[in-house]
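A.B. asks: The file below is input02.txt, compact mmCIF, C-alpha atoms:
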```txt
# COMPACT_ATOMS: atom_id res chain seq x y z
CA MET A 1 -10.74 -18.90 22.78
CA ARG A 2 -8.63 -19.14 19.65
CA ALA A 3 -6.92 -16.03 18.33
CA LEU A 4 -8.10 -14.48 15.07
CA SER A 5 -6.82 -11.52 13.08
CA ILE A 6 -9.08 -9.63 10.69
CA TYR A 7 -8.07 -7.85 7.50
CA ILE A 8 -10.42 -5.31 5.89
CA HIS A 9 -9.68 -4.34 2.29
CA ILE A 10 -10.58 -0.87 1.05
CA PRO A 11 -9.82 -0.78 -2.70
CA PHE A 12 -10.25 2.95 -3.32
CA CYS A 13 -7.44 5.37 -4.22
CA VAL A 14 -7.19 8.97 -5.33
CA ARG A 15 -4.80 7.78 -8.04
CA LYS A 16 -2.86 4.56 -8.47
CA CYS A 17 0.86 4.95 -7.91
CA LEU A 18 3.04 4.06 -10.89
CA TYR A 19 4.55 1.02 -9.12
CA CYS A 20 1.32 -0.34 -7.62
CA ASP A 21 -0.05 -3.76 -8.54
CA PHE A 22 -2.37 -4.03 -5.54
CA LEU A 23 -6.10 -4.54 -5.96
CA SER A 24 -7.20 -0.91 -6.02
CA MET A 25 -9.09 1.54 -8.20
CA ALA A 26 -9.26 5.31 -8.62
CA ASP A 27 -12.01 7.78 -9.46
CA ARG A 28 -14.82 6.10 -7.53
CA THR A 29 -17.68 8.22 -6.23
CA ALA A 30 -18.90 8.71 -2.69
CA ALA A 31 -21.92 6.58 -3.62
CA ASP A 32 -19.60 3.76 -4.74
CA MET A 33 -17.81 3.90 -1.40
CA GLU A 34 -21.04 3.91 0.57
CA SER A 35 -22.33 0.91 -1.37
CA TYR A 36 -19.06 -0.93 -0.78
CA VAL A 37 -19.11 -0.24 2.96
CA ASN A 38 -22.65 -1.64 3.15
CA LEU A 39 -21.54 -4.82 1.38
CA LEU A 40 -18.56 -5.04 3.70
CA ARG A 41 -20.71 -4.78 6.80
CA HIS A 42 -23.09 -7.39 5.38
CA GLU A 43 -20.22 -9.80 4.74
CA ILE A 44 -18.77 -9.27 8.22
CA THR A 45 -22.18 -9.98 9.78
CA LEU A 46 -22.92 -13.07 7.70
CA GLU A 47 -19.52 -14.65 8.33
CA ALA A 48 -19.54 -14.10 12.09
CA VAL A 49 -21.10 -17.48 12.81
CA LYS A 50 -17.84 -19.14 11.72
CA TYR A 51 -15.84 -17.34 14.40
CA LYS A 52 -17.90 -17.77 17.56
CA GLU A 53 -14.99 -19.57 19.23
CA HIS A 54 -12.40 -16.97 18.22
CA GLN A 55 -11.20 -13.79 19.86
CA VAL A 56 -10.07 -11.00 17.55
CA ILE A 57 -6.59 -9.83 18.57
CA SER A 58 -5.93 -7.47 15.63
CA VAL A 59 -7.76 -5.64 12.86
CA PHE A 60 -5.92 -4.18 9.88
CA TRP A 61 -7.48 -1.80 7.38
CA GLY A 62 -5.47 -1.99 4.16
CA GLY A 63 -5.86 -1.06 0.54
CA GLY A 64 -5.94 0.93 -1.55
CA THR A 65 -6.29 3.96 0.68
CA PRO A 66 -8.56 3.26 3.65
CA SER A 67 -8.18 6.87 4.80
CA LEU A 68 -10.37 7.94 1.89
CA LEU A 69 -13.33 6.68 3.90
CA THR A 70 -15.11 9.03 6.26
CA ALA A 71 -14.69 8.45 9.98
CA LYS A 72 -18.43 7.69 10.09
CA ALA A 73 -18.01 4.86 7.56
CA VAL A 74 -15.07 3.41 9.45
CA ASP A 75 -16.98 3.65 12.73
CA SER A 76 -19.95 1.82 11.21
CA VAL A 77 -17.77 -1.11 10.18
CA MET A 78 -15.98 -1.19 13.53
CA GLY A 79 -19.38 -1.16 15.24
CA THR A 80 -20.45 -4.17 13.19
CA LEU A 81 -17.28 -6.00 14.22
CA ALA A 82 -17.83 -5.17 17.88
CA ARG A 83 -21.41 -6.46 17.77
CA CYS A 84 -20.70 -9.68 15.90
CA TYR A 85 -17.25 -10.78 17.12
CA HIS A 86 -15.35 -11.20 20.36
CA VAL A 87 -12.86 -8.34 20.02
CA ALA A 88 -10.15 -8.28 22.69
CA GLU A 89 -10.00 -5.11 24.76
CA ASP A 90 -6.34 -4.70 23.87
CA ALA A 91 -6.74 -5.59 20.18
CA GLU A 92 -4.33 -3.83 17.83
CA VAL A 93 -6.41 -1.88 15.30
CA THR A 94 -4.47 -0.35 12.37
CA ILE A 95 -5.57 1.87 9.53
CA GLU A 96 -3.40 2.70 6.53
CA ALA A 97 -3.38 6.37 5.57
CA ASN A 98 -1.91 8.31 2.69
CA PRO A 99 -0.77 11.90 3.20
CA GLY A 100 -3.26 14.34 1.74
CA THR A 101 -6.34 12.21 2.47
CA VAL A 102 -6.97 13.07 6.13
CA THR A 103 -8.11 15.98 8.27
CA SER A 104 -7.92 16.60 12.01
CA GLU A 105 -11.63 15.74 12.28
CA LYS A 106 -11.14 12.47 10.41
CA MET A 107 -8.14 11.52 12.57
CA ARG A 108 -10.10 12.12 15.76
CA GLY A 109 -12.96 10.11 14.30
CA TYR A 110 -10.68 7.17 13.67
CA ILE A 111 -9.54 7.25 17.28
CA THR A 112 -13.17 7.35 18.43
CA ALA A 113 -13.94 4.39 16.14
CA GLY A 114 -11.30 2.32 17.94
CA MET A 115 -8.16 2.78 15.88
CA ASN A 116 -5.00 2.69 18.00
CA ARG A 117 -2.36 2.33 15.30
CA ILE A 118 -1.87 4.16 12.01
CA SER A 119 0.44 3.35 9.10
CA ILE A 120 1.39 6.34 6.96
CA GLY A 121 2.75 5.79 3.46
CA LEU A 122 5.62 8.24 3.06
CA GLN A 123 7.98 6.19 0.81
CA SER A 124 10.49 9.06 0.43
CA ALA A 125 11.24 12.46 1.95
CA ASP A 126 12.42 13.73 -1.46
CA ASP A 127 9.63 15.42 -3.44
CA ARG A 128 11.27 14.62 -6.78
CA GLU A 129 11.37 10.93 -5.96
CA LEU A 130 7.74 11.00 -4.85
CA LYS A 131 6.70 12.60 -8.12
CA ARG A 132 8.57 10.00 -10.20
CA ILE A 133 6.62 7.14 -8.62
CA GLY A 134 3.26 8.89 -8.88
CA ARG A 135 2.56 9.66 -5.23
CA ILE A 136 -0.16 12.26 -4.65
CA HIS A 137 1.67 14.05 -1.82
CA ASP A 138 4.89 15.86 -1.05
CA TYR A 139 7.01 15.70 2.11
CA ARG A 140 5.37 18.76 3.63
CA THR A 141 1.96 17.10 3.30
CA PHE A 142 3.32 14.00 5.01
CA LEU A 143 4.59 16.08 7.94
CA GLU A 144 1.13 17.61 8.33
CA THR A 145 -0.45 14.15 8.30
CA TYR A 146 1.99 12.92 10.91
CA ARG A 147 1.27 15.96 13.11
CA LEU A 148 -2.48 15.41 12.81
CA ALA A 149 -2.08 11.78 13.83
CA ARG A 150 -0.11 12.69 16.95
CA GLU A 151 -2.48 15.47 17.93
CA ALA A 152 -5.49 13.18 17.49
CA GLY A 153 -3.97 10.77 20.00
CA PHE A 154 -2.20 8.07 17.97
CA ARG A 155 0.62 6.68 20.09
CA ASN A 156 1.59 3.90 17.69
CA ILE A 157 2.60 5.16 14.24
CA ASN A 158 4.27 3.27 11.42
CA ILE A 159 5.96 4.98 8.48
CA ASP A 160 6.43 3.13 5.19
CA LEU A 161 9.65 3.76 3.25
CA MET A 162 10.96 2.55 -0.10
CA ALA A 163 14.49 2.23 -1.44
CA ALA A 164 15.84 1.75 -4.97
CA LEU A 165 13.41 4.31 -6.41
CA PRO A 166 14.06 5.85 -9.83
CA GLY A 167 16.53 8.70 -9.53
CA GLN A 168 17.22 7.92 -5.88
CA SER A 169 20.77 8.14 -4.56
CA VAL A 170 22.35 6.69 -1.45
CA ALA A 171 22.66 10.24 -0.13
CA SER A 172 18.98 11.07 -0.69
CA TYR A 173 17.92 7.80 0.94
CA ARG A 174 20.16 8.54 3.93
CA GLU A 175 18.43 11.92 4.25
CA THR A 176 15.03 10.22 4.18
CA LEU A 177 16.11 7.93 7.01
CA ARG A 178 17.47 10.90 8.97
CA ARG A 179 14.24 12.88 8.64
CA VAL A 180 12.02 9.93 9.50
CA THR A 181 13.95 8.81 12.57
CA ALA A 182 13.98 12.40 13.85
CA LEU A 183 10.17 12.16 14.10
CA LEU A 184 10.46 9.19 16.50
CA PRO A 185 7.72 6.95 15.05
CA GLU A 186 7.18 3.70 16.90
CA HIS A 187 7.58 1.51 13.81
CA ILE A 188 9.24 1.75 10.39
CA SER A 189 8.70 -0.55 7.41
CA ALA A 190 11.42 -0.28 4.76
CA TYR A 191 11.16 -2.12 1.46
CA SER A 192 13.07 -2.07 -1.81
CA LEU A 193 11.05 -1.23 -4.89
CA ILE A 194 10.06 -4.25 -6.95
CA LEU A 195 9.10 -3.55 -10.54
CA GLU A 196 5.93 -5.55 -11.14
CA GLU A 197 4.91 -6.44 -14.66
CA GLY A 198 1.87 -4.57 -15.88
CA THR A 199 2.49 -1.45 -13.80
CA PRO A 200 3.20 1.88 -15.53
CA LEU A 201 6.62 2.08 -13.91
CA TYR A 202 7.54 -1.33 -15.29
CA GLU A 203 6.31 -0.45 -18.77
CA ARG A 204 8.29 2.81 -18.74
CA ARG A 205 11.32 1.51 -16.88
CA GLY A 206 13.59 2.49 -19.76
CA ASP A 207 12.72 6.15 -19.19
CA TYR A 208 14.21 6.18 -15.68
CA CYS A 209 17.63 5.87 -14.13
CA PHE A 210 17.42 3.34 -11.32
CA PRO A 211 20.08 2.81 -8.63
CA THR A 212 22.69 0.20 -9.49
CA GLU A 213 22.76 -3.15 -7.69
CA GLU A 214 25.66 -1.83 -5.62
CA GLU A 215 23.71 1.29 -4.63
CA ASP A 216 20.62 -0.79 -3.84
CA ARG A 217 22.78 -3.00 -1.64
CA GLU A 218 24.26 0.03 0.10
CA MET A 219 20.77 1.40 0.83
CA TYR A 220 19.78 -1.96 2.25
CA LEU A 221 22.73 -2.02 4.62
CA LEU A 222 22.24 1.63 5.49
CA THR A 223 18.66 0.96 6.60
CA ASP A 224 19.69 -1.57 9.21
CA ALA A 225 22.67 0.45 10.44
CA CYS A 226 20.78 3.74 10.70
CA LEU A 227 17.64 2.35 12.32
CA SER A 228 19.63 0.24 14.78
CA ASP A 229 21.62 3.31 15.80
CA CYS A 230 18.35 5.16 16.40
CA GLY A 231 16.91 2.55 18.74
CA TYR A 232 14.83 0.41 16.40
CA HIS A 233 15.23 -3.34 16.52
CA ARG A 234 14.79 -5.38 13.41
CA TYR A 235 12.25 -8.12 14.07
CA GLU A 236 11.47 -9.06 10.46
CA ILE A 237 13.44 -8.69 7.25
CA SER A 238 11.82 -5.36 6.33
CA ASN A 239 10.34 -4.19 9.63
CA TYR A 240 11.78 -2.29 12.58
CA ALA A 241 10.18 -1.27 15.85
CA ARG A 242 10.82 0.34 19.18
CA GLU A 243 10.51 -1.99 22.15
CA GLY A 244 6.91 -3.17 22.52
CA TYR A 245 5.72 -1.90 19.13
CA GLU A 246 6.15 -4.86 16.80
CA CYS A 247 3.14 -5.16 14.49
CA ARG A 248 0.96 -7.84 16.06
CA HIS A 249 -1.17 -8.23 12.94
CA ASN A 250 1.67 -8.92 10.52
CA LYS A 251 3.27 -11.39 12.92
CA VAL A 252 0.11 -13.48 12.62
CA TYR A 253 0.83 -13.95 8.90
CA TRP A 254 4.49 -14.82 9.44
CA GLN A 255 3.62 -17.24 12.24
CA ARG A 256 0.74 -18.82 10.31
CA GLY A 257 -2.04 -17.86 12.67
CA ASP A 258 -5.72 -17.72 11.70
CA TYR A 259 -6.87 -14.65 9.79
CA ALA A 260 -10.12 -13.67 8.11
CA GLY A 261 -10.21 -11.22 5.22
CA PHE A 262 -13.24 -9.12 4.35
CA GLY A 263 -13.77 -7.03 1.25
CA LEU A 264 -12.83 -7.20 -2.42
CA GLY A 265 -10.16 -9.82 -3.05
CA ALA A 266 -9.40 -10.27 0.65
CA ALA A 267 -7.65 -13.51 1.58
CA SER A 268 -8.35 -15.74 4.59
CA MET A 269 -6.72 -18.73 6.22
CA VAL A 270 -8.35 -20.60 9.09
CA ASP A 271 -7.50 -24.12 10.23
CA ASN A 272 -5.08 -24.46 7.30
CA VAL A 273 -7.87 -23.78 4.81
CA ARG A 274 -7.27 -20.84 2.47
CA TRP A 275 -9.66 -18.87 0.28
CA SER A 276 -10.00 -15.41 -1.31
CA ASN A 277 -12.96 -13.21 -2.16
CA PRO A 278 -13.77 -12.28 -5.77
CA THR A 279 -11.57 -9.54 -7.19
CA VAL A 280 -14.13 -7.92 -9.52
CA PRO A 281 -16.54 -5.48 -7.81
CA GLU A 282 -19.63 -6.89 -9.53
CA ASP A 283 -18.62 -10.43 -8.63
CA TYR A 284 -17.97 -9.45 -5.03
CA ALA A 285 -21.44 -7.88 -4.80
CA ALA A 286 -23.00 -11.03 -6.28
CA TYR A 287 -21.01 -13.18 -3.87
CA ILE A 288 -22.24 -11.29 -0.80
CA THR A 289 -25.82 -11.41 -2.08
CA GLY A 290 -25.50 -15.14 -2.62
CA LEU A 291 -23.91 -15.58 0.78
CA GLY A 292 -26.95 -13.99 2.35
CA ARG A 293 -29.28 -16.30 0.45
CA ARG A 294 -27.30 -19.32 1.57
CA CYS A 295 -27.66 -18.23 5.19
CA GLU A 296 -31.42 -18.02 4.70
CA GLU A 297 -31.70 -21.58 3.34
CA PRO A 298 -33.81 -23.79 5.67
CA ASP A 299 -32.20 -26.61 7.67
CA GLY A 300 -28.72 -25.28 6.98
CA GLN A 301 -28.87 -26.30 3.33
CA GLU A 302 -26.37 -24.49 1.16
CA GLU A 303 -26.93 -23.27 -2.35
CA GLU A 304 -24.63 -24.96 -4.82
CA PRO A 305 -21.85 -22.75 -6.17
CA VAL A 306 -22.62 -21.40 -9.63
CA HIS A 307 -19.78 -21.11 -12.13
CA THR A 308 -19.77 -18.79 -15.11
CA GLU A 309 -17.08 -17.77 -17.55
CA LYS A 310 -16.66 -14.43 -15.73
CA MET A 311 -16.73 -15.43 -12.11
CA GLN A 312 -16.84 -18.10 -9.48
CA ARG A 313 -19.74 -17.20 -7.27
CA PHE A 314 -18.31 -18.66 -4.09
CA PRO A 315 -14.58 -18.81 -3.35
CA VAL A 316 -12.95 -22.22 -3.54
CA ARG A 317 -11.62 -23.26 -0.16
CA CYS A 318 -8.32 -25.09 -0.45
CA ARG A 319 -6.98 -27.14 2.44
CA LEU A 320 -3.21 -26.98 2.54
CA THR A 321 -1.39 -30.29 2.44
CA GLY A 322 1.00 -31.26 5.20
CA ASN A 323 3.94 -30.41 2.96
CA GLU A 324 2.50 -27.01 2.11
CA GLN A 325 2.01 -26.25 5.79
CA MET A 326 5.60 -27.18 6.61
CA GLU A 327 6.91 -25.12 3.69
CA GLU A 328 5.03 -22.06 4.85
CA PHE A 329 6.10 -22.59 8.45
CA MET A 330 9.70 -22.39 7.28
CA PHE A 331 9.79 -19.67 4.63
CA LEU A 332 7.37 -17.38 6.46
CA GLY A 333 8.85 -18.01 9.89
CA LEU A 334 12.39 -17.40 8.70
CA ARG A 335 11.42 -13.86 7.77
CA MET A 336 11.37 -13.19 11.51
CA MET A 337 14.72 -12.42 13.09
CA CYS A 338 13.94 -14.88 15.90
CA GLY A 339 13.53 -17.61 13.29
CA VAL A 340 11.50 -20.81 13.69
CA SER A 341 11.14 -23.02 16.74
CA ARG A 342 12.22 -26.65 16.45
CA ARG A 343 9.86 -27.54 19.32
CA GLU A 344 6.89 -25.81 17.67
CA PHE A 345 7.60 -27.59 14.37
CA GLN A 346 7.40 -30.95 16.13
CA GLU A 347 4.23 -29.98 18.01
CA ARG A 348 2.49 -28.86 14.82
CA PHE A 349 3.56 -31.61 12.47
CA GLY A 350 4.47 -34.54 14.68
CA ARG A 351 7.93 -34.81 13.17
CA GLN A 352 11.32 -33.41 14.09
CA ILE A 353 12.45 -30.64 11.79
CA GLU A 354 15.68 -32.52 10.99
CA GLU A 355 13.64 -35.50 9.81
CA VAL A 356 12.03 -33.35 7.13
CA TYR A 357 14.73 -30.78 6.38
CA GLY A 358 17.95 -32.36 7.63
CA GLY A 359 19.77 -32.13 4.30
CA VAL A 360 18.72 -28.54 3.66
CA LEU A 361 19.63 -27.46 7.19
CA CYS A 362 23.10 -29.03 6.94
CA LYS A 363 23.65 -27.25 3.63
CA MET A 364 22.51 -23.89 5.04
CA TYR A 365 24.64 -24.30 8.19
CA ARG A 366 27.64 -25.18 6.06
CA GLN A 367 27.13 -22.09 3.91
CA GLU A 368 26.68 -20.01 7.09
CA LEU A 369 23.25 -18.84 5.99
CA LEU A 370 21.39 -20.32 8.97
CA GLU A 371 22.32 -20.84 12.59
CA CYS A 372 20.73 -22.78 15.44
CA VAL A 373 20.52 -20.90 18.71
CA SER A 374 18.97 -22.94 21.50
CA ASP A 375 15.54 -24.02 20.19
CA HIS A 376 15.46 -21.63 17.23
CA ILE A 377 16.78 -21.81 13.69
CA ARG A 378 17.31 -18.37 12.19
CA LEU A 379 18.96 -16.52 9.35
CA THR A 380 22.48 -15.28 9.84
CA GLY A 381 23.49 -11.82 8.65
CA LEU A 382 24.66 -13.37 5.39
CA GLY A 383 21.44 -15.39 5.19
CA ILE A 384 19.32 -12.25 5.47
CA ASP A 385 21.18 -10.85 2.46
CA VAL A 386 20.18 -13.85 0.32
CA SER A 387 16.94 -14.73 2.10
CA ASN A 388 15.01 -15.52 -1.11
CA TYR A 389 17.56 -18.18 -1.98
CA VAL A 390 17.45 -19.66 1.52
CA MET A 391 13.65 -19.82 1.69
CA ALA A 392 13.38 -21.44 -1.73
CA GLU A 393 15.45 -24.33 -0.39
CA PHE A 394 12.59 -25.31 1.92
CA LEU A 395 10.14 -26.13 -0.84
CA LEU A 396 9.30 -29.83 -0.76
CA ASP A 397 8.66 -32.17 -3.66
CA SER A 398 4.96 -32.77 -4.20
```
Would you mind writing the structure in this file as structure tokens?
C.D. replies:
Amino acid sequence: MRALSIYIHIPFCVRKCLYCDFLSMADRTAADMESYVNLLRHEITLEAVKYKEHQVISVFWGGGTPSLLTAKAVDSVMGTLARCYHVAEDAEVTIEANPGTVTSEKMRGYITAGMNRISIGLQSADDRELKRIGRIHDYRTFLETYRLAREAGFRNINIDLMAALPGQSVASYRETLRRVTALLPEHISAYSLILEEGTPLYERRGDYCFPTEEEDREMYLLTDACLSDCGYHRYEISNYAREGYECRHNKVYWQRGDYAGFGLGAASMVDNVRWSNPTVPEDYAAYITGLGRRCEEPDGQEEEPVHTEKMQRFPVRCRLTGNEQMEEFMFLGLRMMCGVSRREFQERFGRQIEEVYGGVLCKMYRQELLECVSDHIRLTGLGIDVSNYVMAEFLLDS
């Protein structure tokens, strides 16, 4: 059977963080959440026929804040997945959780529902920094959440960290790294803050003192040095793990495997065809209702998509061109420290990688940004530092 990863989007939050541009919303009622979970289960059921030949190797609950859902709601969705899909016995099942949104009962319920990995959004161990970016928790609350996860039985925990926060210093970031590594989580994701247009933090950026480029660079180098010293190996530009704990789900994205997304705005890619669900709640509800009607059409006839000014009733499925597939193979695969396989490139596209990218590769080798080790082409240390520049070089002319 072919491997499939599943992403489940939960768009609810207690309050949107000041830097967040993800598809999420605050101040929704318990009734709103219940209605959404019912739609989600309906979508998962209706779409199952497409994946009869797939085996689910990972499930990732993202958001938003999935840990706002009750354990009963999560269990109901997981039960629907188990009934309708071939879920591998050893599937990696992750739920994202924010400190302050869980209890011991809820944590145990997640374990019972089949969760075996949890990702906790700490961002910083400094309460002042957390307040500046609009997080709902403090460090003490995070520690309690981490303790509850361990006591419930989670043996695979990721902690999310952010650098280059307003008012953050190299010293305070070093202290965050020290405190986090002392907890011995299995996985750490460490990203630099990106100011996204339209977010409150972007609009009020003049009110804050951000680290300089030199300080940002020092934090970046400090992350790798500190985590390496503490036994974490870097397997992707922003992700570190203890041996055997690399995130299976995220590797599917970087290696261009098949994934199906369920929920508001969730993206999917199967057989090099990509599509996304509607991003407006009312449109998503209409889409799922219409999907059900299509499945009820006799003789497999499908209702024609209906377009309005406000919405597109059914997502447009876009098949990636050969060039687009090769581009993604390169700039996603190069995020991995192991790089991309020359043999796999030829097997997928029927062409040698040098035939397509010979000039770019020579340029990158000459600038010491890429290196070829046996079958793999990978970023050098210098290449990692300027990875955006390197990956942009692999865009092909249309």
A.B. asks: Hey, which bits of segment 131-217 of chain A sit within 9 Å of segment 120-127 of chain A, and for each residue what's the closest pair of atoms and how far apart in Å (one decimal), counting all atoms listed in the file, rows by chain and increasing number, as JSON lines?
C.D. replies:
```
{"residue": "A:Lys131", "atom": "CA", "partner": "A:Asp127", "partner_atom": "CA", "distance": 6.2}
{"residue": "A:Arg132", "atom": "CA", "partner": "A:Asp127", "partner_atom": "CA", "distance": 8.7}
{"residue": "A:Arg135", "atom": "CA", "partner": "A:Gln123", "partner_atom": "CA", "distance": 8.8}
{"residue": "A:His137", "atom": "CA", "partner": "A:Asp127", "partner_atom": "CA", "distance": 8.2}
{"residue": "A:Asp138", "atom": "CA", "partner": "A:Asp127", "partner_atom": "CA", "distance": 5.3}
{"residue": "A:Tyr139", "atom": "CA", "partner": "A:Ala125", "partner_atom": "CA", "distance": 5.3}
{"residue": "A:Arg140", "atom": "CA", "partner": "A:Ala125", "partner_atom": "CA", "distance": 8.8}
{"residue": "A:Phe142", "atom": "CA", "partner": "A:Leu122", "partner_atom": "CA", "distance": 6.5}
{"residue": "A:Thr145", "atom": "CA", "partner": "A:Ile120", "partner_atom": "CA", "distance": 8.1}
{"residue": "A:Tyr146", "atom": "CA", "partner": "A:Ile120", "partner_atom": "CA", "distance": 7.7}
{"residue": "A:Ile157", "atom": "CA", "partner": "A:Ile120", "partner_atom": "CA", "distance": 7.5}
{"residue": "A:Asn158", "atom": "CA", "partner": "A:Ile120", "partner_atom": "CA", "distance": 6.1}
{"residue": "A:Ile159", "atom": "CA", "partner": "A:Ile120", "partner_atom": "CA", "distance": 5.0}
{"residue": "A:Asp160", "atom": "CA", "partner": "A:Gly121", "partner_atom": "CA", "distance": 4.9}
{"residue": "A:Leu161", "atom": "CA", "partner": "A:Gln123", "partner_atom": "CA", "distance": 3.8}
{"residue": "A:Met162", "atom": "CA", "partner": "A:Gln123", "partner_atom": "CA", "distance": 4.8}
{"residue": "A:Ala163", "atom": "CA", "partner": "A:Gln123", "partner_atom": "CA", "distance": 7.9}
{"residue": "A:Leu165", "atom": "CA", "partner": "A:Ser124", "partner_atom": "CA", "distance": 8.8}
{"residue": "A:Gln168", "atom": "CA", "partner": "A:Asp126", "partner_atom": "CA", "distance": 8.7}
{"residue": "A:Ser172", "atom": "CA", "partner": "A:Asp126", "partner_atom": "CA", "distance": 7.1}
{"residue": "A:Tyr173", "atom": "CA", "partner": "A:Ser124", "partner_atom": "CA", "distance": 7.6}
{"residue": "A:Glu175", "atom": "CA", "partner": "A:Ala125", "partner_atom": "CA", "distance": 7.6}
{"residue": "A:Thr176", "atom": "CA", "partner": "A:Ala125", "partner_atom": "CA", "distance": 4.9}
{"residue": "A:Leu177", "atom": "CA", "partner": "A:Ala125", "partner_atom": "CA", "distance": 8.4}
{"residue": "A:Arg179", "atom": "CA", "partner": "A:Ala125", "partner_atom": "CA", "distance": 7.3}
{"residue": "A:Val180", "atom": "CA", "partner": "A:Ala125", "partner_atom": "CA", "distance": 8.0}
{"residue": "A:Ala190", "atom": "CA", "partner": "A:Gln123", "partner_atom": "CA", "distance": 8.3}
{"residue": "A:Tyr191", "atom": "CA", "partner": "A:Gln123", "partner_atom": "CA", "distance": 8.9}
```
A.B. asks: Any idea what's packed within 7 Å of Ser67 of chain A, counting all atoms listed in the file, ignoring anything in its chain fewer than 3 positions away? Could you give it as a PyMOL selection string?
C.D. replies: chain A and resi 96-98+101-102
A.B. asks: Under the rule that all atoms listed in the file are counted, which of A:Arg108, A:Arg128, A:Arg150, A:Arg83 is the nearest residue to Gly167 of chain A?
C.D. replies: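 Comparing A:Arg108, A:Arg128, A:Arg150, A:Arg83 against Gly167 of chain A, the winner is A:Arg128.
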A.B. asks: Nearest residue to Gly350 of chain A out of A:Ser228, A:Gln367, A:Tyr240, A:Met326, using only C-alpha atoms?
C.D. replies: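 Looking only at the distances to Gly350 of chain A, the closest residue turns out to be A:Met326.
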A.B. asks: Could you tell me how far atom CA of Phe210 of chain A sits from atom CA of Gly381 of chain A, in Å to one decimal place?
C.D. replies: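 Distance between the two atoms: 25.8 Å.
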A.B. asks: Using only C-alpha atoms, find the one residue out of A:Leu264, A:Cys84, A:Gly114, A:Leu320 that sits nearest to Pro281 of chain A.
C.D. replies: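 Smallest separation from Pro281 of chain A among the options: A:Leu264.
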A.B. asks: So which residues are close to (20.8, -13.8, 0.9), meaning at most 12 Å away in the file's coordinates with only C-alpha atoms counted, and can you show them as a PyMOL selection string?
C.D. replies: chain A and resi 217+220+237+335+364+367-370+379-393
A.B. asks: Produce a table with one row for each residue of segment 228-343 of chain A that has an atom at most 10 Å from any atom of segment 29-51 of chain A, each row naming the nearest atom pair and its distance in Å at one decimal; use all atoms listed in the file; arrange rows by chain and rising residue number; format as a Markdown table.
C.D. replies:
```
| residue | atom | partner | partner_atom | distance |
| --- | --- | --- | --- | --- |
| A:Ala260 | CA | A:Tyr51 | CA | 9.3 |
| A:Gly261 | CA | A:Ile44 | CA | 9.3 |
| A:Phe262 | CA | A:Leu40 | CA | 6.7 |
| A:Gly263 | CA | A:Leu40 | CA | 5.7 |
| A:Leu264 | CA | A:Leu40 | CA | 8.7 |
| A:Val270 | CA | A:Tyr51 | CA | 9.7 |
| A:Pro281 | CA | A:Tyr36 | CA | 8.7 |
| A:Tyr284 | CA | A:Leu39 | CA | 8.7 |
| A:Ala285 | CA | A:Leu39 | CA | 6.9 |
| A:Ala286 | CA | A:Leu39 | CA | 10.0 |
| A:Tyr287 | CA | A:Glu43 | CA | 9.3 |
| A:Ile288 | CA | A:Glu43 | CA | 6.1 |
| A:Thr289 | CA | A:Leu39 | CA | 8.6 |
| A:Leu291 | CA | A:Leu46 | CA | 7.4 |
| A:Gly292 | CA | A:Leu46 | CA | 6.8 |
| A:Arg294 | CA | A:Leu46 | CA | 9.8 |
| A:Cys295 | CA | A:Leu46 | CA | 7.4 |
```
A.B. asks: With a distance cut-off of 9 Å and all atoms listed in the file, select the neighbouring residues of Ser341 of chain A, excluding the residue or stretch itself and same-chain residues fewer than 4 positions from it, and output the selection as a PyMOL selection string.
C.D. replies: chain A and resi 333+345-346+375-378
A.B. asks: For segment 345-353 of chain A, I'd like the enclosing box, axis-aligned and padded by 8 Å on every side, reported as AutoDock Vina command-line options with centre and edge lengths in Å to one decimal.
C.D. replies:
```
--center_x 7.5 --center_y -31.2 --center_z 14.9 --size_x 26.0 --size_y 23.2 --size_z 22.2
```
A.B. asks: Please list as a ChimeraX atom specification every residue within 10 Å of Ala113 of chain A, counting only C-alpha atoms and excluding residues in the same chain fewer than 4 positions away.
C.D. replies: /A:71-79,93,107-109
A.B. asks: Write the selection just made, keeping C-alpha atoms, as a PDB file, in the frame of the given file?
C.D. replies:
```pdb
ATOM      1  CA  ALA A  71     -14.690   8.450   9.980  1.00  0.00           C
ATOM      2  CA  LYS A  72     -18.430   7.690  10.090  1.00  0.00           C
ATOM      3  CA  ALA A  73     -18.010   4.860   7.560  1.00  0.00           C
ATOM      4  CA  VAL A  74     -15.070   3.410   9.450  1.00  0.00           C
ATOM      5  CA  ASP A  75     -16.980   3.650  12.730  1.00  0.00           C
ATOM      6  CA  SER A  76     -19.950   1.820  11.210  1.00  0.00           C
ATOM      7  CA  VAL A  77     -17.770  -1.110  10.180  1.00  0.00           C
ATOM      8  CA  MET A  78     -15.980  -1.190  13.530  1.00  0.00           C
ATOM      9  CA  GLY A  79     -19.380  -1.160  15.240  1.00  0.00           C
ATOM     10  CA  VAL A  93      -6.410  -1.880  15.300  1.00  0.00           C
ATOM     11  CA  MET A 107      -8.140  11.520  12.570  1.00  0.00           C
ATOM     12  CA  ARG A 108     -10.100  12.120  15.760  1.00  0.00           C
ATOM     13  CA  GLY A 109     -12.960  10.110  14.300  1.00  0.00           C
TER      14      GLY A 109
END
```
A.B. asks: I want to know what sits within 9 Å of Arg174 of chain A, based on all atoms listed in the file, with residues of the same chain fewer than 6 positions away left out; could you give that as number ranges by chain?
C.D. replies: A: 219, 222-223, 226
A.B. asks: Could you take the residues named above and write them with C-alpha atoms, as a tab-separated table (two decimals), in the frame of the given file?
C.D. replies:
```
chain	number	residue	atom	x	y	z
A	219	MET	CA	20.77	1.40	0.83
A	222	LEU	CA	22.24	1.63	5.49
A	223	THR	CA	18.66	0.96	6.60
A	226	CYS	CA	20.78	3.74	10.70
```
